[in-house]
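Step one of this worksheet: look at the structure below.
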Amino acid sequence: MCLGGGFDGGRSVSDFQAQLEKARGILPLRRVIEQAGKAPANGKWNRFPECPFCHEKQKAGVFMPDSDRFELFKCFQDTCPAHTAVV
Ligand SMILES: [Zn+2]
């Protein structure tokens with residue numbers, strides 16, 4: 001995963017579109033979680049202090065998969081309902 005720092009100049013329209021799509025993909029998920037009152041208390045979206053679904057500590061977070069434009073909520077607890085939920 002490489003975030004920023006790689007671009008020098010050649011920013012094209014398609015780059016901008018890709019960034020916009022990325023932003024659109026990020027906002028709804030986080031906003032939905034915020035509005036549900038499940039935002040991480042520590043402000044670290046990639047490492048929730050506690051999973052909002054199963055309440056397991058340090059198991060859940062919001063991730064941006066390299067292959068995808070949209071962030072995903074993921075919990076590493078096998079029994080977590082978020083495993084099967086579409087978030
Ligand atoms: Zn969980």
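Residue numbering restarts at 1 for every chain of the structure tokens, chains are lettered A, B, ... in their displayed order, and ligands are numbered from 1 as they appear.
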Next item on the list: Return as number ranges by chain every polymer residue, whether protein, DNA or RNA, with at least one atom no more than 7 Å from an atom of ligand 1; count only C-alpha atoms and all ligand atoms.
Entry: A: 51-56, 59-60, 75-77, 80-82
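Take CA of Pro40 in chain A and CA of Ala18 in chain A: the distance between them is 27.0 Å.
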Next item on the list: Can you work out the spacing between CA of Thr79 in chain A and CA of Asn42 in chain A in Å, to one decimal?
Entry: 23.8 Å
Check: Quick one: of A:Phe73, A:Lys57, A:Pro65, A:Asp15, who's nearest to Ile33 in chain A, counting only C-alpha atoms?
Finding: A:Phe73
Notebook entry, point to check: Within 12 Å of Lys44 in chain A, counting only C-alpha atoms, which residues qualify if same-chain residues fewer than 6 places away don't, as a ChimeraX atom specification?
Noted result: /A:30,50,58,60-63
